[in-house]
Each structure stands twice: as C-alpha cells, then as structure tokens.
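Pasting work-v9.txt here (compact mmCIF, N, CA and C atoms):
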# COMPACT_ATOMS: atom_id res chain seq x y z
N MET A 146 29.84 -9.58 -46.86
CA MET A 146 30.17 -9.69 -45.47
C MET A 146 31.62 -9.23 -45.25
N ASP A 147 31.85 -8.43 -44.25
CA ASP A 147 33.20 -8.00 -43.91
C ASP A 147 33.92 -9.12 -43.18
N CYS A 148 35.24 -9.00 -43.10
CA CYS A 148 36.02 -10.02 -42.38
C CYS A 148 35.62 -10.09 -40.91
N ASP A 149 35.18 -8.96 -40.34
CA ASP A 149 34.78 -8.94 -38.94
C ASP A 149 33.49 -9.73 -38.71
N ASP A 150 32.78 -10.02 -39.77
CA ASP A 150 31.51 -10.73 -39.65
C ASP A 150 31.66 -12.24 -39.73
N GLU A 151 32.87 -12.73 -40.00
CA GLU A 151 33.10 -14.16 -40.15
C GLU A 151 34.28 -14.61 -39.29
N VAL A 152 34.22 -15.86 -38.90
CA VAL A 152 35.29 -16.47 -38.13
C VAL A 152 35.72 -17.74 -38.86
N MET A 153 37.03 -17.93 -39.00
CA MET A 153 37.55 -19.12 -39.66
C MET A 153 37.98 -20.12 -38.58
N LEU A 154 37.48 -21.36 -38.69
CA LEU A 154 37.84 -22.42 -37.76
C LEU A 154 38.16 -23.69 -38.54
N THR A 155 39.08 -24.46 -38.01
CA THR A 155 39.40 -25.76 -38.59
C THR A 155 38.80 -26.83 -37.71
N VAL A 156 38.05 -27.74 -38.33
CA VAL A 156 37.42 -28.83 -37.60
C VAL A 156 38.10 -30.14 -37.97
N ARG A 157 37.94 -31.13 -37.10
CA ARG A 157 38.45 -32.48 -37.34
C ARG A 157 37.24 -33.39 -37.58
N ILE A 158 37.20 -34.02 -38.75
CA ILE A 158 36.13 -34.95 -39.10
C ILE A 158 36.74 -36.14 -39.83
N THR A 159 35.93 -37.16 -40.08
CA THR A 159 36.41 -38.33 -40.81
C THR A 159 36.33 -38.05 -42.31
N ALA A 160 36.99 -38.89 -43.09
CA ALA A 160 36.93 -38.75 -44.55
C ALA A 160 35.51 -38.95 -45.05
N ALA A 161 34.79 -39.90 -44.47
CA ALA A 161 33.40 -40.14 -44.88
C ALA A 161 32.52 -38.95 -44.54
N GLU A 162 32.74 -38.34 -43.37
CA GLU A 162 31.96 -37.16 -42.99
C GLU A 162 32.27 -35.98 -43.92
N ARG A 163 33.53 -35.84 -44.29
CA ARG A 163 33.92 -34.77 -45.21
C ARG A 163 33.26 -34.97 -46.57
N ALA A 164 33.26 -36.21 -47.05
CA ALA A 164 32.62 -36.51 -48.35
C ALA A 164 31.12 -36.23 -48.28
N LEU A 165 30.47 -36.62 -47.19
CA LEU A 165 29.04 -36.36 -47.04
C LEU A 165 28.77 -34.86 -47.00
N LEU A 166 29.57 -34.12 -46.28
CA LEU A 166 29.40 -32.67 -46.21
C LEU A 166 29.53 -32.03 -47.59
N ARG A 167 30.51 -32.48 -48.34
CA ARG A 167 30.69 -31.96 -49.71
C ARG A 167 29.53 -32.34 -50.61
N ASP A 168 29.03 -33.58 -50.48
CA ASP A 168 27.88 -34.01 -51.28
C ASP A 168 26.64 -33.19 -50.95
N LEU A 169 26.42 -32.94 -49.65
CA LEU A 169 25.28 -32.13 -49.25
C LEU A 169 25.40 -30.71 -49.80
N ALA A 170 26.61 -30.17 -49.77
CA ALA A 170 26.83 -28.82 -50.30
C ALA A 170 26.56 -28.78 -51.80
N ARG A 171 27.03 -29.79 -52.51
CA ARG A 171 26.78 -29.86 -53.96
C ARG A 171 25.29 -29.97 -54.25
N GLY A 172 24.60 -30.83 -53.53
CA GLY A 172 23.18 -31.04 -53.75
C GLY A 172 22.34 -29.83 -53.35
N HIS A 173 22.84 -29.08 -52.41
CA HIS A 173 22.13 -27.90 -51.91
C HIS A 173 22.43 -26.66 -52.75
N GLY A 174 23.53 -26.70 -53.48
CA GLY A 174 23.92 -25.54 -54.29
C GLY A 174 24.63 -24.48 -53.49
N GLY A 175 25.16 -24.85 -52.33
CA GLY A 175 25.88 -23.91 -51.48
C GLY A 175 27.31 -24.38 -51.29
N ASP A 176 28.00 -23.74 -50.37
CA ASP A 176 29.36 -24.19 -50.08
C ASP A 176 29.37 -24.97 -48.77
N VAL A 177 30.49 -25.59 -48.50
CA VAL A 177 30.62 -26.47 -47.34
C VAL A 177 30.38 -25.70 -46.04
N SER A 178 30.91 -24.48 -45.94
CA SER A 178 30.72 -23.69 -44.72
C SER A 178 29.25 -23.38 -44.48
N GLU A 179 28.52 -23.04 -45.54
CA GLU A 179 27.09 -22.74 -45.41
C GLU A 179 26.33 -23.96 -44.91
N VAL A 180 26.63 -25.12 -45.47
CA VAL A 180 25.95 -26.34 -45.05
C VAL A 180 26.32 -26.69 -43.61
N ALA A 181 27.57 -26.48 -43.22
CA ALA A 181 27.98 -26.75 -41.84
C ALA A 181 27.22 -25.85 -40.86
N VAL A 182 27.04 -24.58 -41.21
CA VAL A 182 26.28 -23.67 -40.36
C VAL A 182 24.83 -24.14 -40.26
N ASP A 183 24.25 -24.52 -41.38
CA ASP A 183 22.88 -25.03 -41.36
C ASP A 183 22.77 -26.27 -40.47
N GLY A 184 23.77 -27.14 -40.55
CA GLY A 184 23.79 -28.33 -39.70
C GLY A 184 23.86 -27.97 -38.23
N LEU A 185 24.67 -26.98 -37.91
CA LEU A 185 24.76 -26.53 -36.51
C LEU A 185 23.42 -26.01 -36.02
N LEU A 186 22.72 -25.28 -36.86
CA LEU A 186 21.42 -24.75 -36.47
C LEU A 186 20.42 -25.88 -36.21
N GLU A 187 20.61 -27.01 -36.89
CA GLU A 187 19.75 -28.17 -36.67
C GLU A 187 20.11 -28.92 -35.38
N VAL A 188 21.41 -29.06 -35.10
CA VAL A 188 21.83 -29.95 -34.03
C VAL A 188 22.02 -29.27 -32.68
N VAL A 189 22.39 -28.02 -32.65
CA VAL A 189 22.68 -27.35 -31.37
C VAL A 189 21.50 -27.40 -30.40
N PRO A 190 20.26 -27.14 -30.84
CA PRO A 190 19.16 -27.25 -29.87
C PRO A 190 19.03 -28.64 -29.25
N ALA A 191 19.33 -29.67 -30.01
CA ALA A 191 19.22 -31.04 -29.49
C ALA A 191 20.28 -31.34 -28.45
N LEU A 192 21.38 -30.61 -28.45
CA LEU A 192 22.46 -30.89 -27.49
C LEU A 192 22.12 -30.46 -26.07
N HIS A 193 21.02 -29.76 -25.89
CA HIS A 193 20.60 -29.37 -24.54
C HIS A 193 19.74 -30.44 -23.89
N ASP A 194 19.40 -31.45 -24.65
CA ASP A 194 18.59 -32.56 -24.17
C ASP A 194 19.52 -33.65 -23.63
N GLU A 195 19.18 -34.23 -22.50
CA GLU A 195 20.02 -35.28 -21.93
C GLU A 195 20.12 -36.50 -22.83
N ALA A 196 19.15 -36.68 -23.72
CA ALA A 196 19.17 -37.82 -24.65
C ALA A 196 20.31 -37.69 -25.66
N SER A 197 20.91 -36.52 -25.77
CA SER A 197 22.01 -36.33 -26.73
C SER A 197 23.35 -36.83 -26.22
N VAL A 198 23.43 -37.16 -24.94
CA VAL A 198 24.71 -37.55 -24.35
C VAL A 198 25.28 -38.81 -24.99
N LEU A 199 24.48 -39.86 -25.12
CA LEU A 199 24.97 -41.11 -25.69
C LEU A 199 25.37 -40.95 -27.16
N PRO A 200 24.53 -40.37 -28.02
CA PRO A 200 24.97 -40.19 -29.41
C PRO A 200 26.22 -39.33 -29.52
N LEU A 201 26.32 -38.31 -28.70
CA LEU A 201 27.49 -37.44 -28.74
C LEU A 201 28.74 -38.21 -28.30
N THR A 202 28.62 -39.02 -27.28
CA THR A 202 29.74 -39.83 -26.81
C THR A 202 30.19 -40.81 -27.89
N ARG A 203 29.23 -41.42 -28.59
CA ARG A 203 29.57 -42.36 -29.67
C ARG A 203 30.33 -41.66 -30.79
N VAL A 204 29.86 -40.48 -31.17
CA VAL A 204 30.51 -39.73 -32.24
C VAL A 204 31.93 -39.34 -31.83
N LEU A 205 32.09 -38.86 -30.61
CA LEU A 205 33.41 -38.41 -30.15
C LEU A 205 34.40 -39.56 -29.98
N ALA A 206 33.90 -40.77 -29.84
CA ALA A 206 34.79 -41.92 -29.66
C ALA A 206 35.47 -42.33 -30.97
N ARG A 207 34.93 -41.90 -32.10
CA ARG A 207 35.50 -42.27 -33.40
C ARG A 207 36.64 -41.31 -33.75
N PRO A 208 37.75 -41.85 -34.27
CA PRO A 208 38.86 -40.97 -34.70
C PRO A 208 38.42 -40.04 -35.83
N ALA A 209 38.98 -38.85 -35.85
CA ALA A 209 38.65 -37.86 -36.89
C ALA A 209 39.94 -37.30 -37.47
N PRO A 210 40.52 -37.98 -38.47
CA PRO A 210 41.84 -37.60 -38.96
C PRO A 210 41.90 -36.45 -39.97
N CYS A 211 40.77 -36.03 -40.52
CA CYS A 211 40.78 -35.02 -41.59
C CYS A 211 40.51 -33.62 -41.04
N ALA A 212 41.27 -32.66 -41.51
CA ALA A 212 41.05 -31.26 -41.14
C ALA A 212 40.27 -30.58 -42.25
N LEU A 213 39.35 -29.73 -41.87
CA LEU A 213 38.54 -28.98 -42.82
C LEU A 213 38.35 -27.58 -42.26
N THR A 214 38.63 -26.57 -43.07
CA THR A 214 38.48 -25.18 -42.64
C THR A 214 37.11 -24.67 -43.05
N LEU A 215 36.42 -24.05 -42.09
CA LEU A 215 35.09 -23.51 -42.32
C LEU A 215 35.05 -22.04 -41.94
N TRP A 216 34.19 -21.29 -42.60
CA TRP A 216 33.93 -19.90 -42.27
C TRP A 216 32.55 -19.83 -41.65
N LEU A 217 32.47 -19.28 -40.45
CA LEU A 217 31.19 -19.16 -39.75
C LEU A 217 30.83 -17.70 -39.54
N PRO A 218 29.56 -17.37 -39.63
CA PRO A 218 29.15 -16.02 -39.24
C PRO A 218 29.48 -15.82 -37.75
N ALA A 219 29.90 -14.63 -37.39
CA ALA A 219 30.30 -14.36 -36.01
C ALA A 219 29.23 -14.73 -34.99
N PRO A 220 27.94 -14.44 -35.23
CA PRO A 220 26.93 -14.83 -34.23
C PRO A 220 26.87 -16.35 -34.00
N VAL A 221 27.10 -17.13 -35.04
CA VAL A 221 27.12 -18.59 -34.88
C VAL A 221 28.37 -19.00 -34.09
N ALA A 222 29.50 -18.41 -34.41
CA ALA A 222 30.73 -18.72 -33.69
C ALA A 222 30.61 -18.36 -32.21
N ASP A 223 29.81 -17.36 -31.90
CA ASP A 223 29.60 -16.97 -30.50
C ASP A 223 28.90 -18.06 -29.70
N LEU A 224 28.21 -18.98 -30.35
CA LEU A 224 27.54 -20.09 -29.66
C LEU A 224 28.50 -21.19 -29.24
N LEU A 225 29.68 -21.23 -29.85
CA LEU A 225 30.59 -22.35 -29.63
C LEU A 225 31.10 -22.49 -28.20
N PRO A 226 31.41 -21.41 -27.47
CA PRO A 226 31.81 -21.60 -26.07
C PRO A 226 30.73 -22.27 -25.23
N LEU A 227 29.47 -21.92 -25.47
CA LEU A 227 28.37 -22.57 -24.75
C LEU A 227 28.30 -24.05 -25.11
N LEU A 228 28.50 -24.34 -26.37
CA LEU A 228 28.52 -25.71 -26.83
C LEU A 228 29.69 -26.47 -26.20
N GLY A 229 30.84 -25.82 -26.09
CA GLY A 229 32.00 -26.42 -25.45
C GLY A 229 31.73 -26.78 -24.00
N GLU A 230 31.01 -25.91 -23.30
CA GLU A 230 30.64 -26.21 -21.91
C GLU A 230 29.74 -27.44 -21.84
N ARG A 231 28.81 -27.54 -22.78
CA ARG A 231 27.92 -28.71 -22.82
C ARG A 231 28.72 -29.99 -23.08
N LEU A 232 29.68 -29.90 -23.98
CA LEU A 232 30.52 -31.07 -24.28
C LEU A 232 31.29 -31.51 -23.05
N ALA A 233 31.82 -30.55 -22.31
CA ALA A 233 32.58 -30.90 -21.11
C ALA A 233 31.68 -31.61 -20.10
N ARG A 234 30.43 -31.18 -19.99
CA ARG A 234 29.49 -31.83 -19.05
C ARG A 234 29.13 -33.24 -19.48
N THR A 235 29.24 -33.55 -20.77
CA THR A 235 28.89 -34.89 -21.25
C THR A 235 30.10 -35.81 -21.31
N GLY A 236 31.24 -35.35 -20.84
CA GLY A 236 32.43 -36.19 -20.87
C GLY A 236 33.24 -36.04 -22.13
N GLY A 237 32.89 -35.08 -22.96
CA GLY A 237 33.63 -34.82 -24.18
C GLY A 237 34.89 -34.03 -23.87
N PRO A 238 35.54 -33.49 -24.90
CA PRO A 238 36.74 -32.71 -24.67
C PRO A 238 36.45 -31.50 -23.80
N ALA A 239 37.43 -31.09 -23.01
CA ALA A 239 37.26 -29.93 -22.16
C ALA A 239 36.89 -28.72 -23.02
N ALA A 240 36.14 -27.82 -22.42
CA ALA A 240 35.68 -26.63 -23.16
C ALA A 240 36.87 -25.76 -23.50
N GLY A 241 37.66 -26.21 -24.44
CA GLY A 241 38.83 -25.47 -24.86
C GLY A 241 38.56 -24.78 -26.17
N PRO A 242 39.23 -25.21 -27.22
CA PRO A 242 39.07 -24.51 -28.49
C PRO A 242 37.66 -24.64 -29.05
N ALA A 243 37.22 -23.55 -29.63
CA ALA A 243 35.90 -23.55 -30.25
C ALA A 243 35.82 -24.57 -31.37
N SER A 244 36.97 -24.85 -32.01
CA SER A 244 36.96 -25.81 -33.11
C SER A 244 36.59 -27.21 -32.63
N ALA A 245 36.93 -27.57 -31.39
CA ALA A 245 36.56 -28.89 -30.85
C ALA A 245 35.05 -28.99 -30.67
N ALA A 246 34.44 -27.92 -30.20
CA ALA A 246 32.99 -27.90 -30.03
C ALA A 246 32.30 -27.97 -31.40
N LEU A 247 32.82 -27.21 -32.35
CA LEU A 247 32.26 -27.22 -33.70
C LEU A 247 32.41 -28.60 -34.32
N SER A 248 33.57 -29.21 -34.17
CA SER A 248 33.80 -30.55 -34.72
C SER A 248 32.80 -31.55 -34.17
N ALA A 249 32.60 -31.52 -32.85
CA ALA A 249 31.69 -32.47 -32.21
C ALA A 249 30.26 -32.28 -32.71
N ALA A 250 29.79 -31.04 -32.76
CA ALA A 250 28.42 -30.79 -33.20
C ALA A 250 28.24 -31.15 -34.67
N LEU A 251 29.21 -30.81 -35.48
CA LEU A 251 29.13 -31.12 -36.91
C LEU A 251 29.14 -32.62 -37.13
N ARG A 252 29.99 -33.33 -36.40
CA ARG A 252 30.06 -34.78 -36.54
C ARG A 252 28.77 -35.44 -36.07
N LEU A 253 28.16 -34.92 -35.03
CA LEU A 253 26.89 -35.46 -34.56
C LEU A 253 25.82 -35.27 -35.63
N TRP A 254 25.78 -34.09 -36.24
CA TRP A 254 24.79 -33.83 -37.29
C TRP A 254 25.04 -34.74 -38.49
N LEU A 255 26.29 -34.88 -38.91
CA LEU A 255 26.61 -35.70 -40.08
C LEU A 255 26.38 -37.19 -39.84
N ALA A 256 26.24 -37.60 -38.58
CA ALA A 256 25.97 -39.01 -38.27
C ALA A 256 24.52 -39.38 -38.56
N GLY A 257 23.71 -38.39 -38.87
CA GLY A 257 22.31 -38.65 -39.18
C GLY A 257 22.14 -39.25 -40.57
N ASP A 258 20.92 -39.61 -40.89
CA ASP A 258 20.57 -40.18 -42.18
C ASP A 258 20.73 -39.12 -43.27
N ARG A 259 21.39 -39.48 -44.36
CA ARG A 259 21.68 -38.55 -45.47
C ARG A 259 20.40 -37.90 -46.01
N THR A 260 19.34 -38.67 -46.19
CA THR A 260 18.10 -38.13 -46.73
C THR A 260 17.48 -37.13 -45.76
N VAL A 261 17.53 -37.43 -44.49
CA VAL A 261 16.97 -36.54 -43.48
C VAL A 261 17.79 -35.25 -43.41
N LEU A 262 19.11 -35.36 -43.54
CA LEU A 262 19.96 -34.17 -43.54
C LEU A 262 19.62 -33.28 -44.73
N ALA A 263 19.49 -33.88 -45.91
CA ALA A 263 19.15 -33.11 -47.11
C ALA A 263 17.77 -32.47 -46.98
N ALA A 264 16.83 -33.19 -46.39
CA ALA A 264 15.50 -32.64 -46.19
C ALA A 264 15.55 -31.47 -45.21
N GLY A 265 16.36 -31.58 -44.19
CA GLY A 265 16.52 -30.48 -43.24
C GLY A 265 17.08 -29.24 -43.91
N LEU A 266 18.06 -29.43 -44.80
CA LEU A 266 18.61 -28.30 -45.54
C LEU A 266 17.54 -27.67 -46.43
N ALA A 267 16.74 -28.50 -47.07
CA ALA A 267 15.67 -27.99 -47.93
C ALA A 267 14.67 -27.19 -47.11
N ARG A 268 14.34 -27.69 -45.92
CA ARG A 268 13.39 -27.00 -45.06
C ARG A 268 13.93 -25.65 -44.61
N LEU A 269 15.21 -25.60 -44.27
CA LEU A 269 15.82 -24.34 -43.84
C LEU A 269 15.81 -23.29 -44.94
N HIS A 270 15.83 -23.74 -46.17
CA HIS A 270 15.91 -22.80 -47.30
C HIS A 270 14.64 -22.83 -48.15
N GLY A 271 13.53 -23.16 -47.54
CA GLY A 271 12.26 -23.11 -48.26
C GLY A 271 12.11 -24.12 -49.37
N GLY A 272 12.84 -25.24 -49.27
CA GLY A 272 12.71 -26.30 -50.27
C GLY A 272 13.49 -26.06 -51.53
N LEU A 273 14.33 -25.05 -51.57
CA LEU A 273 15.08 -24.73 -52.78
C LEU A 273 16.48 -25.31 -52.72
N GLY A 274 16.98 -25.74 -53.87
CA GLY A 274 18.38 -26.10 -54.00
C GLY A 274 18.76 -27.50 -53.61
N VAL A 275 17.82 -28.37 -53.21
CA VAL A 275 18.17 -29.73 -52.86
C VAL A 275 17.46 -30.67 -53.81
N ALA A 276 18.24 -31.47 -54.53
CA ALA A 276 17.67 -32.40 -55.49
C ALA A 276 17.48 -33.77 -54.87
N GLY A 277 16.44 -34.47 -55.29
CA GLY A 277 16.27 -35.86 -54.92
C GLY A 277 15.77 -36.12 -53.52
N VAL A 278 15.13 -35.17 -52.87
CA VAL A 278 14.63 -35.42 -51.54
C VAL A 278 13.12 -35.19 -51.44
N ALA A 279 12.42 -35.21 -52.56
CA ALA A 279 10.98 -35.03 -52.53
C ALA A 279 10.34 -36.10 -51.67
N GLY A 280 9.50 -35.67 -50.77
CA GLY A 280 8.81 -36.60 -49.89
C GLY A 280 9.67 -37.13 -48.76
N ALA A 281 10.88 -36.62 -48.62
CA ALA A 281 11.75 -37.09 -47.54
C ALA A 281 11.20 -36.58 -46.21
N PRO A 282 11.40 -37.34 -45.14
CA PRO A 282 10.90 -36.89 -43.85
C PRO A 282 11.68 -35.67 -43.37
N ALA A 283 11.00 -34.81 -42.64
CA ALA A 283 11.66 -33.62 -42.11
C ALA A 283 12.59 -34.01 -40.98
N ALA A 284 13.73 -33.35 -40.91
CA ALA A 284 14.69 -33.63 -39.86
C ALA A 284 14.17 -33.07 -38.55
N SER A 285 14.45 -33.75 -37.48
CA SER A 285 14.05 -33.29 -36.16
C SER A 285 15.24 -33.39 -35.23
N PRO A 286 15.70 -32.28 -34.65
CA PRO A 286 16.86 -32.33 -33.78
C PRO A 286 16.66 -33.27 -32.60
N ALA A 287 15.42 -33.49 -32.20
CA ALA A 287 15.16 -34.34 -31.06
C ALA A 287 15.31 -35.82 -31.40
N ARG A 288 15.39 -36.16 -32.69
CA ARG A 288 15.47 -37.56 -33.10
C ARG A 288 16.78 -37.88 -33.77
N LEU A 289 17.87 -37.37 -33.27
CA LEU A 289 19.17 -37.69 -33.83
C LEU A 289 19.55 -39.11 -33.45
N THR A 290 19.90 -39.91 -34.43
CA THR A 290 20.32 -41.28 -34.15
C THR A 290 21.71 -41.49 -34.71
N VAL A 291 22.54 -42.16 -33.94
CA VAL A 291 23.90 -42.44 -34.32
C VAL A 291 24.15 -43.92 -34.15
N ALA A 292 24.70 -44.53 -35.18
CA ALA A 292 24.99 -45.96 -35.12
C ALA A 292 26.05 -46.22 -34.06
N ALA A 293 25.94 -47.36 -33.43
CA ALA A 293 26.89 -47.71 -32.37
C ALA A 293 28.27 -47.95 -32.91
Exercise: express the given structure as structure tokens:
Amino acid sequence: MDCDDEVMLTVRITAAERALLRDLARGHGGDVSEVAVDGLLEVVPALHDEASVLPLTRVLARPAPCALTLWLPAPVADLLPLLGERLARTGGPAAGPASAALSAALRLWLAGDRTVLAAGLARLHGGLGVAGVAGAPAASPARLTVAA
C-alpha cells in the first residue's frame, strides 16, 4: 500500500480498551490497526440506528486518557466525517476531528463482549486466525450492549 492509501489518526481510549484491542490483535494474528478497522466495519452500520444513542452516550461519558495511533485505509477514513455528523446528532463531540469520531466508534465496539468481538473478527476473515472462539456467537451490530 502506498502512503496515499493510508491515513494515520490518533484515538483516545482507556487503558483497558487498549489492552483488549491488543489482545484481539494478538489472537487474530493481525496488527492493532487492522483489528480497529475490522471493528469499525462491525459498528458503523449500527450507529445509524436510534438504539445506538444510549450506548454511544455511555461510552463517551467515560474518560479516555490513552492515545493510540492507528493506520486506516483511505476509504475507511473517508467514512469518519459522516460518523462525526452522527455523533454530533447524538450529543457527542461536535463533528470536528476525524479522530474523535474514530475514538467514539472504536470505544463503542470495544465495549462489547470479548468473545463476541473475537467471533466477529473470525467471521470477517473466514474463521481464520482467531483462537479459542469455537462455537462463539456471531457478533451483530444491531445488538451492541454497553454496561452502564
């Protein structure tokens, strides 16, 4: 991939979210950026549903002190302004930096059940590269749950 094909963004997440992202990347056999992109592909469709407002608000209410740099394919990065507009409509941060939209979506995805996240990664990649999730339920963007 050429440099023009990727965009570098820094996201704000919690230490626990960062550890989970790294664990998922290790279990999947990929890197953190790849897993973050896969997570975005799982969660972005759910953000168009009005049922996503409460979970998104809960996730955004938690402090996110850790910075993490990710590389995104340009077509995925092109989705972030639309995501930012959605966040602004739900009372989240104003549709400013793309990194804020990416942080919110990534944090919402990481708030899901670890087994379901790993199963979703396995499904995206044809069941390859994820250990310990045999028989795990398939992830569904419409069923994102976030603890209060």
Interatomic distance between atom N of Asp258 in chain A and atom N of Leu165 in chain A?
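So the answer is 11.8 Å.
Residues with any atom within 5 Å of the point (35.6, -23.4, -45.4), counting all atoms listed in the file, are Ser178, Thr214, Leu215 and Trp216 of chain A.
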What does the distance from atom C of Val152 in chain A to atom C of Arg167 in chain A come to in Å, to one decimal?
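According to the coordinates, atom C of Val152 in chain A and atom C of Arg167 in chain A are separated by 19.7 Å.
Between CA of Gly229 in chain A and CA of His173 in chain A there is a distance of 28.3 Å.
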Just asking: which residues within range 146-217 of chain A are alpha helix (DSSP H) according to DSSP, as a VMD selection string?
chain A and resid 160 to 173 177 to 188 198 to 206
Exercise on range 193-198 of chain A, axis-aligned box with 3 Å per side, report centre and edge lengths in Å to one decimal, as lines of an AutoDock Vina configuration file:
center_x = 21.9
center_y = -34.1
center_z = -24.3
size_x = 12.7
size_y = 15.4
size_z = 10.8
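Closest to Arg157 in chain A among A:Pro220, A:Pro210, A:Gly172, A:Gly184 is A:Pro210, based on only N, CA and C atoms.
Remark: for Ala212 in chain A, the closest of the candidate residues A:Glu162, A:Glu195, A:Asp176, A:Asp149 is A:Glu162 (distances computed over only C-alpha atoms).
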